[in-house]
file protein.pdb (PDB, C-alpha atoms)
ATOM      1  CA  MET A 560       0.000   0.000   0.000
ATOM      2  CA  THR A 561       1.490   3.310  -1.068
ATOM      3  CA  PRO A 562       1.403   6.154   1.417
ATOM      4  CA  SER A 563      -0.936   9.042   0.705
ATOM      5  CA  PRO A 564       0.736  12.135  -0.701
ATOM      6  CA  ALA A 565       1.248  15.218   1.434
ATOM      7  CA  ILE A 566      -1.724  17.558   1.454
ATOM      8  CA  PRO A 567      -0.906  20.963  -0.034
ATOM      9  CA  SER A 568      -2.182  23.994   1.805
ATOM     10  CA  LEU A 569      -5.197  25.724   0.317
ATOM     11  CA  ALA A 570      -3.233  28.985   0.233
ATOM     12  CA  SER A 571      -0.601  27.365  -2.002
ATOM     13  CA  LEU A 572      -3.089  26.479  -4.753
ATOM     14  CA  PRO A 573      -3.813  28.883  -7.613
ATOM     15  CA  ARG A 574      -7.223  30.548  -7.758
ATOM     16  CA  HIS A 575      -9.283  30.367 -10.917
ATOM     17  CA  PRO A 576     -12.245  32.511 -11.961
ATOM     18  CA  TYR A 577     -15.445  30.511 -11.643
ATOM     19  CA  ILE A 578     -16.488  31.439 -15.163
ATOM     20  CA  ASP A 579     -13.452  31.638 -17.458
ATOM     21  CA  ALA A 580     -12.827  34.027 -20.366
ATOM     22  CA  ALA A 581     -14.562  31.599 -22.755
ATOM     23  CA  GLY A 582     -17.701  31.636 -20.584
ATOM     24  CA  GLN A 583     -17.230  28.121 -19.211
ATOM     25  CA  VAL A 584     -16.989  26.600 -15.747
ATOM     26  CA  ALA A 585     -13.735  24.709 -15.113
ATOM     27  CA  PRO A 586     -13.513  22.906 -18.485
ATOM     28  CA  THR A 587     -10.164  21.301 -17.554
ATOM     29  CA  LEU A 588     -11.712  19.624 -14.503
ATOM     30  CA  GLN A 589     -14.240  17.484 -16.389
ATOM     31  CA  GLY A 590     -14.025  13.962 -14.977
ATOM     32  CA  CYS A 591     -11.258  15.054 -12.597
ATOM     33  CA  ILE A 592     -11.345  13.552  -9.105
ATOM     34  CA  GLY A 593     -10.283  15.832  -6.292
ATOM     35  CA  ALA A 594     -10.963  18.478  -3.697
ATOM     36  CA  TYR A 595     -11.931  22.095  -4.224
ATOM     37  CA  ALA A 596     -12.682  25.307  -2.352
ATOM     38  CA  ILE A 597     -15.138  27.969  -3.516
ATOM     39  CA  PHE A 598     -14.586  31.657  -2.764
ATOM     40  CA  ASP A 599     -16.997  34.610  -2.832
ATOM     41  CA  VAL A 600     -16.366  38.151  -4.071
ATOM     42  CA  ALA A 601     -14.653  39.077  -0.765
ATOM     43  CA  GLU A 602     -12.384  36.014  -1.193
ATOM     44  CA  VAL A 603     -14.000  34.282   1.772
ATOM     45  CA  VAL A 604     -14.186  30.497   1.508
ATOM     46  CA  ARG A 605     -17.857  29.573   1.182
ATOM     47  CA  TYR A 606     -17.565  25.811   0.627
ATOM     48  CA  ILE A 607     -14.913  23.077   0.638
ATOM     49  CA  GLY A 608     -15.780  19.796  -1.027
ATOM     50  CA  TYR A 609     -14.516  16.810  -2.949
ATOM     51  CA  SER A 610     -15.892  15.014  -5.969
ATOM     52  CA  ARG A 611     -15.425  12.340  -8.621
ATOM     53  CA  ASP A 612     -16.167  15.008 -11.273
ATOM     54  CA  MET A 613     -15.152  18.420 -10.016
ATOM     55  CA  ARG A 614     -16.450  20.274 -13.086
ATOM     56  CA  LEU A 615     -19.966  18.902 -12.598
ATOM     57  CA  SER A 616     -19.828  19.658  -8.869
ATOM     58  CA  LEU A 617     -18.671  23.222  -9.529
ATOM     59  CA  GLN A 618     -21.500  23.683 -12.044
ATOM     60  CA  GLN A 619     -24.024  22.354  -9.483
ATOM     61  CA  HIS A 620     -22.774  24.799  -6.853
ATOM     62  CA  LEU A 621     -22.952  27.660  -9.356
ATOM     63  CA  VAL A 622     -26.647  27.125 -10.111
ATOM     64  CA  ARG A 623     -27.475  26.602  -6.420
ATOM     65  CA  CYS A 624     -25.449  29.546  -5.069
ATOM     66  CA  PRO A 625     -24.655  31.844  -8.012
ATOM     67  CA  GLN A 626     -23.793  34.926  -5.959
ATOM     68  CA  GLU A 627     -21.221  33.130  -3.804
ATOM     69  CA  CYS A 628     -19.333  31.296  -6.581
ATOM     70  CA  ILE A 629     -16.728  33.781  -7.795
ATOM     71  CA  SER A 630     -13.483  31.787  -7.819
ATOM     72  CA  TYR A 631     -12.169  28.367  -6.845
ATOM     73  CA  ALA A 632      -9.021  26.418  -6.060
ATOM     74  CA  ALA A 633      -8.790  22.747  -6.949
ATOM     75  CA  LEU A 634      -6.555  19.750  -6.321
ATOM     76  CA  CYS A 635      -6.798  16.791  -8.740
ATOM     77  CA  ILE A 636      -5.819  13.215  -7.913
ATOM     78  CA  ASP A 637      -5.451  10.154 -10.135
ATOM     79  CA  ARG A 638      -7.596   7.622  -8.266
ATOM     80  CA  PRO A 639     -10.550   7.941  -5.909
ATOM     81  CA  ASP A 640      -9.394   7.964  -2.298
ATOM     82  CA  ARG A 641     -12.257   9.127  -0.081
ATOM     83  CA  PRO A 642     -10.335   9.022   3.228
ATOM     84  CA  TRP A 643      -7.549  11.163   1.750
ATOM     85  CA  LEU A 644     -10.041  13.614   0.199
ATOM     86  CA  GLN A 645     -11.841  13.861   3.545
ATOM     87  CA  ALA A 646      -8.465  14.589   5.165
ATOM     88  CA  VAL A 647      -7.847  17.338   2.581
ATOM     89  CA  GLN A 648     -11.261  18.819   3.323
ATOM     90  CA  ALA A 649     -10.631  18.735   7.078
ATOM     91  CA  GLN A 650      -7.141  20.260   6.729
ATOM     92  CA  TRP A 651      -8.387  23.084   4.514
ATOM     93  CA  ILE A 652     -11.251  23.852   6.902
ATOM     94  CA  ALA A 653      -8.710  23.978   9.744
ATOM     95  CA  GLU A 654      -6.480  26.240   7.628
ATOM     96  CA  VAL A 655      -9.384  28.635   7.007
ATOM     97  CA  GLY A 656      -9.934  28.766  10.775
ATOM     98  CA  THR A 657     -13.700  28.396  10.657
ATOM     99  CA  THR A 658     -16.134  26.043   8.987
ATOM    100  CA  PRO A 659     -17.396  27.659   5.759
ATOM    101  CA  VAL A 660     -21.137  28.364   5.736
ATOM    102  CA  GLY A 661     -21.608  25.891   2.874
ATOM    103  CA  ASN A 662     -20.202  23.132   5.060
ATOM    104  CA  ALA A 663     -22.273  24.139   8.083
ATOM    105  CA  GLN A 664     -25.576  26.022   8.386
ATOM    106  CA  GLU A 665     -26.113  26.340   4.586
ATOM    107  CA  ARG A 666     -24.998  22.795   3.742
ATOM    108  CA  SER A 667     -28.303  21.687   2.190
ATOM    109  CA  ARG A 668     -28.362  24.786  -0.023
ATOM    110  CA  TRP A 669     -24.902  23.922  -1.379
ATOM    111  CA  GLU A 670     -25.362  20.154  -1.653
ATOM    112  CA  GLN A 671     -29.042  19.463  -2.416
ATOM    113  CA  ALA A 672     -31.284  20.141  -5.405
ATOM    114  CA  ILE A 673     -32.987  23.548  -5.372
ATOM    115  CA  ASP A 674     -36.467  23.390  -3.846
ATOM    116  CA  VAL A 675     -38.590  25.920  -5.748
ATOM    117  CA  ARG A 676     -41.414  25.980  -3.171
ATOM    118  CA  PRO A 677     -39.833  28.708  -1.004
ATOM    119  CA  LEU A 678     -39.276  30.729  -4.205
ATOM    120  CA  MET A 679     -42.945  30.710  -5.239
ATOM    121  CA  THR A 680     -44.801  33.981  -5.624
ATOM    122  CA  PRO A 681     -47.918  34.344  -3.445
ATOM    123  CA  ALA A 682     -50.078  33.687  -6.523
ATOM    124  CA  GLU A 683     -48.105  30.526  -7.366
ATOM    125  CA  ALA A 684     -48.326  29.303  -3.775
ATOM    126  CA  ALA A 685     -52.087  29.841  -3.754
ATOM    127  CA  ALA A 686     -52.472  28.049  -7.098
ATOM    128  CA  VAL A 687     -50.479  25.034  -5.863
ATOM    129  CA  ALA A 688     -52.354  24.964  -2.544
ATOM    130  CA  HIS A 689     -55.745  24.920  -4.273
ATOM    131  CA  ALA A 690     -54.835  22.600  -7.161
ATOM    132  CA  ASP A 691     -55.939  18.998  -7.255
ATOM    133  CA  PRO A 692     -53.177  16.353  -6.864
ATOM    134  CA  LEU A 693     -53.059  15.730 -10.626
ATOM    135  CA  GLN A 694     -52.584  19.422 -11.398
ATOM    136  CA  GLN A 695     -49.889  20.122  -8.781
ATOM    137  CA  PRO A 696     -46.975  18.515 -10.709
ATOM    138  CA  LYS A 697     -47.772  20.669 -13.752
ATOM    139  CA  LEU A 698     -47.817  23.812 -11.638
ATOM    140  CA  LEU A 699     -44.583  22.881  -9.880
ATOM    141  CA  LYS A 700     -42.966  22.246 -13.268
ATOM    142  CA  GLN A 701     -44.023  25.715 -14.455
ATOM    143  CA  ILE A 702     -42.595  27.284 -11.305
ATOM    144  CA  ALA A 703     -39.371  25.287 -11.678
ATOM    145  CA  ARG A 704     -39.038  26.512 -15.266
ATOM    146  CA  ARG A 705     -39.481  30.115 -14.127
ATOM    147  CA  VAL A 706     -36.814  29.734 -11.433
ATOM    148  CA  GLU A 707     -34.526  27.957 -13.911
ATOM    149  CA  ALA A 708     -34.907  30.845 -16.393
ATOM    150  CA  GLU A 709     -34.060  33.359 -13.634
ATOM    151  CA  ILE A 710     -30.924  31.417 -12.655
ATOM    152  CA  LEU A 711     -29.771  31.071 -16.263
ATOM    153  CA  ALA A 712     -30.386  34.778 -16.954
ATOM    154  CA  GLN A 713     -28.352  35.692 -13.876
ATOM    155  CA  LEU A 714     -25.484  33.430 -15.002
ATOM    156  CA  GLN A 715     -25.586  34.769 -18.559
ATOM    157  CA  GLY A 716     -25.267  38.211 -17.005
ATOM    158  CA  ARG A 717     -22.017  36.935 -15.507
ATOM    159  CA  SER A 718     -20.846  35.886 -19.016
ATOM    160  CA  LEU A 719     -21.669  32.162 -18.792
ATOM    161  CA  ARG A 720     -21.847  30.889 -22.377
ATOM    162  CA  GLU A 721     -22.003  27.131 -21.941
ATOM    163  CA  PRO A 722     -25.398  25.418 -21.836
ATOM    164  CA  LEU A 723     -26.506  24.038 -18.492
ATOM    165  CA  VAL A 724     -29.174  21.344 -18.701
ATOM    166  CA  PHE A 725     -31.469  20.786 -15.752
ATOM    167  CA  ASN A 726     -32.940  17.370 -14.994
ATOM    168  CA  PRO A 727     -36.508  17.517 -16.395
ATOM    169  CA  LYS A 728     -37.759  14.671 -14.181
ATOM    170  CA  LEU A 729     -37.153  16.656 -10.992
ATOM    171  CA  LYS A 730     -39.165  19.691 -12.078
ATOM    172  CA  GLU A 731     -42.562  18.059 -11.482
ATOM    173  CA  SER A 732     -41.573  17.559  -7.854
ATOM    174  CA  GLY A 733     -40.579  21.224  -7.568
ATOM    175  CA  ARG A 734     -36.823  20.659  -7.589
ATOM    176  CA  LEU A 735     -34.007  21.817  -9.851
ATOM    177  CA  ASP A 736     -30.645  20.161 -10.363
ATOM    178  CA  LEU A 737     -28.319  19.747 -13.303
ATOM    179  CA  LYS A 738     -28.559  16.609 -15.362
TER     180      LYS A 738
END
call {"tool": "encode", "arguments": {"input": "protein.pdb", "output": "structure tokens"}}
result
Amino acid sequence: MTPSPAIPSLASLPRHPYIDAAGQVAPTLQGCIGAYAIFDVAEVVRYIGYSRDMRLSLQQHLVRCPQECISYAALCIDRPDRPWLQAVQAQWIAEVGTTPVGNAQERSRWEQAIDVRPLMTPAEAAAVAHADPLQQPKLLKQIARRVEAEILAQLQGRSLREPLVFNPKLKESGRLDLK
């Protein structure tokens, strides 16, 4: 069994803009296994995670928390090694000195599909509340599409040019997540 490599400090890793000059999110990280940290506009660490496909994870975080995803640092590894990636995550959190909000009180917002129900307008909420059970999925899908359009418009305003495809099956349950 080979020993795990030394864990580099988060401060030693280069920062990358979340959306690059070509309007894409981390194209070089597609299929890359590793750990990453996400920074906001004030360069505060908002979330530290690890993934089997860092590009997809970074895209998911961007649609869930678009205002907080301004830059990132990433560390790629060759083979999946969950205990080592968990150690990286723990070391980086210790280095930051406090648990990022995305790893603590806002964890579900950073890690779970978007629930559109809290984002409903009063008219939408009333329509869903008074709809029969067969009509509710259609209404939730309409609301999910509205929220999706708002997210995509916001990201296009930040120069995102790559298409992001949401999972259509989740919309009828009032949730949004990338496919």
call {"tool": "atom_distance", "arguments": {"input": "protein.pdb", "atom1": "atom CA of Arg720 of chain A", "atom2": "atom CA of Gly582 of chain A"}}
result
4.6 Å
call {"tool": "closest_residue", "arguments": {"input": "protein.pdb", "among": "A:Arg574, A:Ala581, A:Ala685, A:Tyr609", "to": "Trp643 of chain A", "atoms": "all atoms listed in the file"}}
result
A:Tyr609
call {"tool": "closest_residue", "arguments": {"input": "protein.pdb", "among": "A:Arg614, A:Arg623, A:Lys730, A:Lys700", "to": "Gly661 of chain A", "atoms": "all atoms listed in the file"}}
result
A:Arg623
call {"tool": "closest_residue", "arguments": {"input": "protein.pdb", "among": "A:Arg717, A:Arg605, A:His575, A:Lys738", "to": "Thr657 of chain A", "atoms": "only C-alpha atoms"}}
result
A:Arg605
call {"tool": "atom_distance", "arguments": {"input": "protein.pdb", "atom1": "atom CA of Lys728 of chain A", "atom2": "atom CA of Leu698 of chain A"}}
result
13.8 Å
call {"tool": "resolve_selection", "arguments": {"input": "protein.pdb", "expression": "the PyMOL selection byres ((chain A and resi 704) around 10)", "output": "list in words"}}
result
Val675, Leu698, Leu699, Lys700, Gln701, Ile702, Ala703, Arg705, Val706, Glu707, Ala708, Glu709, Ile710, Phe725, Pro727, Lys730, Glu731, Gly733, Arg734 and Leu735 of chain A
call {"tool": "atom_distance", "arguments": {"input": "protein.pdb", "atom1": "atom CA of Pro625 of chain A", "atom2": "atom CA of Tyr577 of chain A"}}
result
10.0 Å
call {"tool": "closest_residue", "arguments": {"input": "protein.pdb", "among": "A:Leu723, A:Arg676, A:Gly608, A:Gln715", "to": "Gln695 of chain A", "atoms": "only C-alpha atoms"}}
result
A:Arg676
call {"tool": "residues_around", "arguments": {"input": "protein.pdb", "residues": "Tyr631 of chain A", "least_positions_apart": "2", "cutoff": "8 Å", "atoms": "all atoms listed in the file", "output": "ChimeraX atom specification"}}
result
/A:574-577,595-598,628-629,633
call {"tool": "resolve_selection", "arguments": {"input": "protein.pdb", "expression": "the PyMOL selection byres ((chain A and resi 666) around 12)", "output": "count of residues only"}}
result
21
call {"tool": "residues_around", "arguments": {"input": "protein.pdb", "residues": "Arg611 of chain A", "least_positions_apart": "6", "cutoff": "12 Å", "atoms": "only C-alpha atoms", "output": "ChimeraX atom specification"}}
result
/A:588-595,617,634-641,644
call {"tool": "closest_residue", "arguments": {"input": "protein.pdb", "among": "A:Leu621, A:Gln626, A:Ser732, A:Asp579", "to": "Val687 of chain A", "atoms": "all atoms listed in the file"}}
result
A:Ser732
call {"tool": "axis_aligned_box", "arguments": {"input": "protein.pdb", "around": "segment 730-736 of chain A", "padding_each_side": "5 Å", "output": "lines of an AutoDock Vina configuration file"}}
result
center_x = -36.6
center_y = 19.7
center_z = -9.8
size_x = 21.9
size_y = 14.3
size_z = 14.5
call {"tool": "closest_residue", "arguments": {"input": "protein.pdb", "among": "A:Thr587, A:Gln694, A:Ser571, A:Gln713", "to": "Ala632 of chain A", "atoms": "all atoms listed in the file"}}
result
A:Ser571
call {"tool": "residues_around", "arguments": {"input": "protein.pdb", "residues": "Pro722 of chain A", "least_positions_apart": "6", "cutoff": "12 Å", "atoms": "all atoms listed in the file", "output": "PDB file with C-alpha atoms, in the coordinates of the input"}}
result
ATOM      1  CA  GLY A 582     -17.701  31.636 -20.584  1.00  0.00           C
ATOM      2  CA  GLN A 583     -17.230  28.121 -19.211  1.00  0.00           C
ATOM      3  CA  VAL A 584     -16.989  26.600 -15.747  1.00  0.00           C
ATOM      4  CA  GLN A 618     -21.500  23.683 -12.044  1.00  0.00           C
ATOM      5  CA  VAL A 622     -26.647  27.125 -10.111  1.00  0.00           C
ATOM      6  CA  LEU A 711     -29.771  31.071 -16.263  1.00  0.00           C
ATOM      7  CA  ALA A 712     -30.386  34.778 -16.954  1.00  0.00           C
ATOM      8  CA  LEU A 714     -25.484  33.430 -15.002  1.00  0.00           C
ATOM      9  CA  GLN A 715     -25.586  34.769 -18.559  1.00  0.00           C
ATOM     10  CA  LEU A 737     -28.319  19.747 -13.303  1.00  0.00           C
ATOM     11  CA  LYS A 738     -28.559  16.609 -15.362  1.00  0.00           C
TER      12      LYS A 738
END
call {"tool": "build_atoms", "arguments": {"input": "protein.pdb", "residues": "segment 656-667 of chain A", "atoms": "all heavy atoms", "output": "compact mmCIF listing (two decimals), keeping the file's coordinate frame"}}
result
# COMPACT_ATOMS: atom_id res chain seq x y z
N GLY A 656 -9.73 28.32 9.40
CA GLY A 656 -9.93 28.77 10.78
C GLY A 656 -11.37 28.73 11.24
O GLY A 656 -11.65 28.93 12.41
N THR A 657 -12.29 28.50 10.32
CA THR A 657 -13.70 28.40 10.66
C THR A 657 -14.38 27.54 9.58
O THR A 657 -13.94 27.52 8.45
CB THR A 657 -14.38 29.79 10.75
OG1 THR A 657 -15.72 29.63 11.16
CG2 THR A 657 -14.33 30.54 9.44
N THR A 658 -15.42 26.87 9.96
CA THR A 658 -16.13 26.04 8.99
C THR A 658 -16.91 26.95 8.04
O THR A 658 -17.70 27.78 8.49
CB THR A 658 -17.11 25.08 9.69
OG1 THR A 658 -16.37 24.28 10.61
CG2 THR A 658 -17.81 24.18 8.69
N PRO A 659 -16.66 26.83 6.72
CA PRO A 659 -17.40 27.66 5.76
C PRO A 659 -18.90 27.43 5.89
O PRO A 659 -19.34 26.33 6.22
CB PRO A 659 -16.88 27.16 4.40
CG PRO A 659 -15.55 26.55 4.69
CD PRO A 659 -15.67 25.95 6.06
N VAL A 660 -19.68 28.47 5.58
CA VAL A 660 -21.14 28.36 5.74
C VAL A 660 -21.72 27.24 4.89
O VAL A 660 -22.70 26.61 5.28
CB VAL A 660 -21.86 29.70 5.42
CG1 VAL A 660 -21.49 30.77 6.41
CG2 VAL A 660 -21.61 30.15 4.00
N GLY A 661 -21.11 26.96 3.74
CA GLY A 661 -21.61 25.89 2.87
C GLY A 661 -21.36 24.50 3.43
O GLY A 661 -21.97 23.53 2.99
N ASN A 662 -20.47 24.41 4.40
CA ASN A 662 -20.20 23.13 5.06
C ASN A 662 -20.90 23.05 6.41
O ASN A 662 -20.77 22.05 7.11
CB ASN A 662 -18.70 22.94 5.27
CG ASN A 662 -17.95 22.84 3.96
OD1 ASN A 662 -17.52 23.85 3.43
ND2 ASN A 662 -17.80 21.64 3.43
N ALA A 663 -21.62 24.10 6.77
CA ALA A 663 -22.27 24.14 8.08
C ALA A 663 -23.76 24.47 7.92
O ALA A 663 -24.51 23.66 7.39
CB ALA A 663 -21.57 25.16 8.98
N GLN A 664 -24.16 25.68 8.34
CA GLN A 664 -25.58 26.02 8.39
C GLN A 664 -26.25 26.08 7.02
O GLN A 664 -27.45 25.90 6.91
CB GLN A 664 -25.81 27.33 9.17
CG GLN A 664 -25.17 28.57 8.57
CD GLN A 664 -23.80 28.87 9.11
OE1 GLN A 664 -23.07 27.97 9.49
NE2 GLN A 664 -23.42 30.14 9.12
N GLU A 665 -25.51 26.30 5.92
CA GLU A 665 -26.11 26.34 4.59
C GLU A 665 -25.78 25.09 3.77
O GLU A 665 -25.86 25.10 2.54
CB GLU A 665 -25.65 27.59 3.84
CG GLU A 665 -26.16 28.88 4.44
CD GLU A 665 -25.73 30.11 3.66
OE1 GLU A 665 -25.18 29.97 2.54
OE2 GLU A 665 -25.94 31.22 4.16
N ARG A 666 -25.43 24.02 4.43
CA ARG A 666 -25.00 22.80 3.74
C ARG A 666 -26.03 22.28 2.73
O ARG A 666 -25.68 21.92 1.61
CB ARG A 666 -24.67 21.72 4.77
CG ARG A 666 -24.11 20.48 4.14
CD ARG A 666 -23.74 19.43 5.18
NE ARG A 666 -22.76 18.57 4.58
CZ ARG A 666 -21.63 18.22 5.13
NH1 ARG A 666 -21.33 18.65 6.34
NH2 ARG A 666 -20.80 17.44 4.50
N SER A 667 -27.29 22.22 3.11
CA SER A 667 -28.30 21.69 2.19
C SER A 667 -28.44 22.57 0.96
O SER A 667 -28.64 22.07 -0.15
CB SER A 667 -29.65 21.51 2.88
OG SER A 667 -30.15 22.76 3.31
